[in-house]
file data13.txt (compact mmCIF, C-alpha atoms)
# COMPACT_ATOMS: atom_id res chain seq x y z
CA MET A 1 0.00 0.00 0.00
CA GLN A 2 1.46 3.32 -1.05
CA LYS A 3 1.87 6.18 1.35
CA GLU A 4 0.06 9.41 0.49
CA GLU A 5 0.89 10.71 -2.97
CA GLN A 6 2.71 13.87 -1.85
CA PRO A 7 6.27 13.37 -3.11
CA GLU A 8 8.84 12.71 -0.43
CA ILE A 9 11.84 15.01 -0.14
CA VAL A 10 13.31 12.91 2.67
CA TYR A 11 12.47 9.24 3.19
CA ARG A 12 13.55 6.44 5.50
CA PHE A 13 15.14 3.18 4.38
CA LYS A 14 16.69 0.75 6.82
CA ASN A 15 18.59 2.83 9.37
CA ALA A 16 19.14 5.95 7.27
CA LEU A 17 17.44 9.04 5.91
CA TYR A 18 17.60 9.49 2.13
CA ILE A 19 17.45 12.85 0.36
CA ASN A 20 15.50 13.03 -2.90
CA LEU A 21 17.06 16.10 -4.54
CA THR A 22 16.14 15.54 -8.19
CA ASN A 23 14.66 13.11 -10.69
CA ARG A 24 17.04 14.30 -13.44
CA CYS A 25 19.84 12.05 -14.63
CA PRO A 26 22.07 11.96 -17.74
CA ASN A 27 21.72 8.16 -17.86
CA LEU A 28 18.77 5.92 -18.63
CA CYS A 29 20.15 2.70 -17.18
CA ALA A 30 18.71 -0.55 -18.45
CA PHE A 31 18.27 -1.79 -14.89
CA CYS A 32 16.74 1.41 -13.45
CA ILE A 33 13.45 0.70 -11.72
CA LYS A 34 12.13 4.25 -11.39
CA THR A 35 9.85 3.86 -14.42
CA LYS A 36 8.99 0.24 -13.68
CA TRP A 37 8.00 1.16 -10.14
CA LYS A 38 6.22 4.34 -11.26
CA MET A 39 8.67 6.50 -9.32
CA HIS A 40 7.87 4.79 -6.03
CA PHE A 41 10.24 3.05 -3.63
CA ASN A 42 9.34 1.03 -0.55
CA GLY A 43 5.94 2.72 -0.51
CA TYR A 44 7.27 6.26 -0.91
CA ASN A 45 6.35 8.49 -3.83
CA LEU A 46 9.62 9.95 -5.17
CA ASN A 47 8.14 11.66 -8.22
CA LEU A 48 9.05 15.32 -7.75
CA GLN A 49 7.10 16.22 -10.92
CA GLN A 50 9.79 18.76 -11.88
CA GLN A 51 9.27 20.57 -8.56
CA GLU A 52 12.72 20.09 -7.08
CA PRO A 53 13.00 21.00 -3.39
CA THR A 54 15.03 23.96 -2.22
CA ALA A 55 17.90 23.36 0.17
CA GLN A 56 15.79 24.92 2.93
CA GLN A 57 12.91 22.53 2.25
CA VAL A 58 15.31 19.60 2.45
CA LEU A 59 16.74 20.82 5.74
CA GLU A 60 13.28 21.38 7.23
CA ALA A 61 12.24 17.85 6.28
CA LEU A 62 15.48 16.44 7.70
CA GLU A 63 15.06 18.33 10.97
CA LYS A 64 11.55 17.00 11.36
CA GLU A 65 12.67 13.41 10.79
CA MET A 66 15.71 13.72 13.04
CA HIS A 67 13.60 15.11 15.88
CA GLN A 68 11.22 12.18 15.54
CA ASN A 69 13.87 9.47 15.27
CA PRO A 70 17.58 10.27 14.82
CA VAL A 71 19.59 8.10 12.44
CA PRO A 72 23.33 7.46 12.07
CA GLU A 73 23.42 8.05 8.32
CA VAL A 74 22.08 10.49 5.73
CA VAL A 75 22.27 9.51 2.06
CA PHE A 76 21.91 11.64 -1.06
CA CYS A 77 19.99 9.20 -3.25
CA GLY A 78 16.64 9.40 -5.02
CA TYR A 79 15.46 8.64 -8.54
CA GLY A 80 17.97 11.04 -10.05
CA GLU A 81 21.63 12.04 -9.95
CA PRO A 82 22.28 14.22 -6.85
CA THR A 83 25.24 16.05 -8.40
CA MET A 84 22.84 17.58 -10.93
CA ARG A 85 22.14 19.91 -7.99
CA LEU A 86 25.63 20.26 -6.62
CA ASN A 87 25.17 23.59 -4.84
CA GLU A 88 22.13 22.36 -2.92
CA LEU A 89 23.87 19.08 -2.10
CA LEU A 90 26.91 20.87 -0.67
CA PHE A 91 24.84 23.36 1.32
CA VAL A 92 22.67 20.67 2.87
CA ALA A 93 25.61 18.39 3.69
CA LYS A 94 27.63 21.17 5.32
CA THR A 95 24.59 22.27 7.33
CA ILE A 96 24.17 18.72 8.62
CA LYS A 97 27.82 18.74 9.71
CA GLY A 98 27.16 22.06 11.40
CA TRP A 99 24.28 20.53 13.34
CA ALA A 100 26.65 17.90 14.70
CA ALA A 101 29.22 20.54 15.65
CA GLN A 102 26.49 22.42 17.54
CA ALA A 103 25.32 19.16 19.18
CA LYS A 104 21.88 19.80 17.73
CA PHE A 105 21.67 16.13 16.72
CA PRO A 106 24.02 13.17 17.16
CA PRO A 107 26.75 13.03 14.49
CA VAL A 108 25.72 11.34 11.26
CA LYS A 109 27.66 9.80 8.41
CA ILE A 110 26.90 11.52 5.09
CA ARG A 111 26.97 9.35 1.96
CA LEU A 112 26.61 10.24 -1.70
CA ASN A 113 25.24 7.67 -4.15
CA THR A 114 26.22 8.81 -7.63
CA ASN A 115 26.66 7.70 -11.23
CA GLY A 116 30.14 9.23 -11.19
CA LEU A 117 29.42 11.86 -13.83
CA GLY A 118 29.30 14.80 -11.42
CA SER A 119 32.49 16.45 -12.66
CA MET A 120 31.35 16.08 -16.26
CA ILE A 121 27.91 17.49 -15.37
CA ASN A 122 29.36 20.49 -13.54
CA LYS A 123 32.31 20.99 -15.91
CA GLN A 124 34.84 21.00 -13.07
CA ASP A 125 36.52 18.56 -10.71
CA ILE A 126 33.95 18.36 -7.90
CA VAL A 127 35.92 15.95 -5.71
CA PRO A 128 37.57 18.68 -3.56
CA LEU A 129 34.15 20.24 -3.00
CA LEU A 130 32.62 16.92 -1.99
CA LYS A 131 35.52 16.14 0.36
CA ASP A 132 34.47 19.03 2.59
CA ALA A 133 30.85 17.89 2.66
CA VAL A 134 30.40 14.11 2.53
CA ASP A 135 32.10 11.16 4.22
CA GLU A 136 31.48 8.28 1.83
CA VAL A 137 31.03 8.04 -1.93
CA TYR A 138 29.30 5.12 -3.64
CA VAL A 139 29.71 5.16 -7.42
CA SER A 140 27.73 3.14 -9.96
CA LEU A 141 30.60 2.00 -12.17
CA ASN A 142 28.31 -0.56 -13.84
CA ALA A 143 30.73 -2.00 -16.41
CA GLN A 144 34.30 -3.06 -17.08
CA ASP A 145 34.72 -1.24 -20.42
CA GLU A 146 33.29 1.67 -22.37
CA ALA A 147 31.23 -0.36 -24.86
CA THR A 148 29.49 -2.33 -22.11
CA TRP A 149 29.00 0.84 -20.06
CA ARG A 150 27.24 2.58 -22.95
CA GLN A 151 25.01 -0.43 -23.51
CA ILE A 152 24.01 -0.65 -19.84
CA VAL A 153 23.68 3.00 -18.78
CA ARG A 154 22.43 4.40 -22.11
CA PRO A 155 23.92 7.90 -21.63
CA ALA A 156 22.22 11.03 -22.93
CA PRO A 157 23.76 12.94 -25.85
CA GLY A 158 26.93 14.63 -24.68
CA TYR A 159 27.71 11.92 -22.14
CA GLU A 160 28.55 9.07 -24.51
CA ASP A 161 32.23 9.28 -23.50
CA GLY A 162 31.41 9.37 -19.80
CA PHE A 163 33.01 6.06 -18.87
CA SER A 164 36.45 7.66 -18.65
CA ALA A 165 35.00 10.46 -16.51
CA VAL A 166 33.48 7.91 -14.13
CA LYS A 167 36.79 6.09 -13.74
CA GLU A 168 38.63 9.35 -13.15
CA PHE A 169 36.05 10.41 -10.57
CA ILE A 170 36.49 7.15 -8.66
CA LEU A 171 40.28 7.49 -8.79
CA PHE A 172 40.21 11.09 -7.57
CA CYS A 173 37.80 10.17 -4.75
CA ALA A 174 40.09 7.34 -3.65
CA GLN A 175 43.08 9.68 -3.70
CA ALA A 176 41.18 12.36 -1.76
CA GLY A 177 40.83 10.13 1.28
CA PHE A 178 37.09 9.82 1.88
CA ASP A 179 36.17 7.46 4.71
CA LYS A 180 34.98 5.00 2.08
CA VAL A 181 34.86 4.90 -1.72
CA VAL A 182 32.83 2.07 -3.22
CA ALA A 183 32.31 1.25 -6.90
CA SER A 184 29.49 -1.08 -7.87
CA CYS A 185 27.77 -2.89 -10.69
CA VAL A 186 24.41 -4.61 -10.91
CA ASP A 187 24.23 -8.36 -11.31
CA LYS A 188 22.63 -9.90 -14.40
CA THR A 189 22.85 -6.76 -16.56
CA GLY A 190 25.55 -7.81 -19.02
CA SER A 191 28.60 -6.64 -17.12
CA ASN A 192 31.38 -8.93 -15.91
CA PRO A 193 31.30 -8.51 -12.10
CA GLN A 194 34.78 -9.94 -11.60
CA ALA A 195 36.24 -7.61 -14.21
CA VAL A 196 34.39 -4.65 -12.67
CA ARG A 197 35.73 -5.66 -9.26
CA GLU A 198 39.29 -5.69 -10.61
CA LEU A 199 38.79 -2.30 -12.26
CA ALA A 200 37.32 -0.80 -9.09
CA GLN A 201 40.19 -2.07 -6.99
CA SER A 202 42.76 -0.79 -9.51
CA LEU A 203 41.22 2.66 -9.04
CA GLY A 204 41.54 2.41 -5.27
CA ALA A 205 37.89 1.67 -4.47
CA GLU A 206 36.09 -1.13 -2.72
CA PHE A 207 33.67 -3.18 -4.82
CA TYR A 208 30.00 -3.93 -4.26
CA LEU A 209 27.82 -6.20 -6.39
CA ARG A 210 24.24 -4.94 -6.31
CA SER A 211 21.29 -7.26 -6.86
CA PHE A 212 19.07 -6.78 -9.89
CA LEU A 213 15.69 -5.59 -8.63
CA ASP A 214 12.52 -6.49 -10.50
CA GLU A 215 9.90 -6.08 -7.79
CA GLU A 216 9.29 -3.16 -5.46
CA ASN A 217 10.39 -3.79 -1.87
call {"tool": "encode", "arguments": {"input": "data13.txt", "output": "structure tokens"}}
result
Amino acid sequence: MQKEEQPEIVYRFKNALYINLTNRCPNLCAFCIKTKWKMHFNGYNLNLQQQEPTAQQVLEALEKEMHQNPVPEVVFCGYGEPTMRLNELLFVAKTIKGWAAQAKFPPVKIRLNTNGLGSMINKQDIVPLLKDAVDEVYVSLNAQDEATWRQIVRPAPGYEDGFSAVKEFILFCAQAGFDKVVASCVDKTGSNPQAVRELAQSLGAEFYLRSFLDEEN
């Protein structure tokens, strides 16, 4: 049974709060379930209907949830690529860190789930900016080579050569010294998980094999 149809800016999953910044993404991944699940996840409506929240709206929603039930982790992850809204992401993340410094809430780990194209999207190396704002970076590497990557992620025009940018982003994140850098691929999508694992590790990242999802949780 779905929760009320008002789109969620902040939603709970397991022991974390997730921030739904945008539905925009330069990829249309073959395994993406946002269309299949009609923009819902775990009963939450994540369809922002092109009405992206302001940073202040995100912070108000986070404060409300943290007052009700604090969590140890906040994750930037919705049905879109968070770095499409880099300025809002950075402002929200740094404000959360400020809350911890003020002892407003218990300290939380801040994680970014990303397709790795953030520097290409923003036309600058965003890793130094992220280093001051988030603790962990999880990157959807998705494939072991460019041809397979294009087939799986189906990049928008202008992003066809993005595989190299994703690898560079992972490498730079690993060199920057985040608490954790993880590169992943999805099982049963045409990639070679062992080859992706070896590539991820060569770039300095941990590897995570994600399960292919075909039914809503």
call {"tool": "closest_residue", "arguments": {"input": "data13.txt", "among": "A:Leu86, A:Val186, A:Ile96, A:Leu28", "to": "Met120 in chain A", "atoms": "only C-alpha atoms"}}
result
A:Leu86
call {"tool": "atom_distance", "arguments": {"input": "data13.txt", "atom1": "CA of Gly118 in chain A", "atom2": "CA of Ala200 in chain A"}}
result
17.7 Å
call {"tool": "residues_around", "arguments": {"input": "data13.txt", "residues": "range 123-125 of chain A", "least_positions_apart": "6", "cutoff": "10 Å", "atoms": "only C-alpha atoms", "output": "ChimeraX atom specification"}}
result
/A:117,168-169,172
call {"tool": "closest_residue", "arguments": {"input": "data13.txt", "among": "A:Ala156, A:Glu88, A:Ala101, A:Thr148", "to": "Leu130 in chain A", "atoms": "only C-alpha atoms"}}
result
A:Glu88
call {"tool": "axis_aligned_box", "arguments": {"input": "data13.txt", "around": "range 191-197 of chain A", "padding_each_side": "5 Å", "output": "AutoDock Vina command-line options"}}
result
--center_x 32.4 --center_y -7.3 --center_z -13.2 --size_x 17.6 --size_y 15.3 --size_z 17.9
call {"tool": "residues_around", "arguments": {"input": "data13.txt", "residues": "Val196 in chain A", "least_positions_apart": "5", "cutoff": "9 Å", "atoms": "all atoms listed in the file", "output": "list in words"}}
result
Leu141, Asn142, Ala143, Gln144, Asp145, Ala183, Ser184, Cys185, Ser191, Gln201 and Phe207 of chain A
call {"tool": "closest_residue", "arguments": {"input": "data13.txt", "among": "A:Cys25, A:Leu209, A:Ile152, A:Leu59", "to": "Pro193 in chain A", "atoms": "all atoms listed in the file"}}
result
A:Leu209
call {"tool": "closest_residue", "arguments": {"input": "data13.txt", "among": "A:Tyr79, A:Phe13, A:Trp149, A:Phe105", "to": "Leu48 in chain A", "atoms": "only C-alpha atoms"}}
result
A:Tyr79
call {"tool": "residues_around", "arguments": {"input": "data13.txt", "residues": "Asn115 in chain A", "least_positions_apart": "6", "cutoff": "12 Å", "atoms": "all atoms listed in the file", "output": "PyMOL selection string"}}
result
chain A and resi 24-29+32+76-84+121+137-143+149+153+155+159+162-163+165-167+169-170+182-185
call {"tool": "atom_distance", "arguments": {"input": "data13.txt", "atom1": "CA of Lys97 in chain A", "atom2": "CA of Asn23 in chain A"}}
result
24.9 Å
call {"tool": "residues_around", "arguments": {"input": "data13.txt", "residues": "Met66 in chain A", "least_positions_apart": "2", "cutoff": "12 Å", "atoms": "all atoms listed in the file", "output": "list of chain:residue names"}}
result
A:Val10, A:Tyr11, A:Arg12, A:Asn15, A:Ala16, A:Leu17, A:Tyr18, A:Leu59, A:Glu60, A:Ala61, A:Leu62, A:Glu63, A:Lys64, A:Gln68, A:Asn69, A:Pro70, A:Val71, A:Pro72, A:Glu73, A:Val74, A:Ile96, A:Trp99, A:Ala100, A:Lys104, A:Phe105, A:Pro106, A:Pro107, A:Val108
call {"tool": "closest_residue", "arguments": {"input": "data13.txt", "among": "A:Gln56, A:Ser211, A:Thr114, A:Thr22", "to": "Lys188 in chain A", "atoms": "all atoms listed in the file"}}
result
A:Ser211
call {"tool": "closest_residue", "arguments": {"input": "data13.txt", "among": "A:Lys180, A:Lys131, A:Arg85, A:Arg154", "to": "Ile19 in chain A", "atoms": "only C-alpha atoms"}}
result
A:Arg85
call {"tool": "atom_distance", "arguments": {"input": "data13.txt", "atom1": "CA of Gly158 in chain A", "atom2": "CA of Val127 in chain A"}}
result
21.0 Å
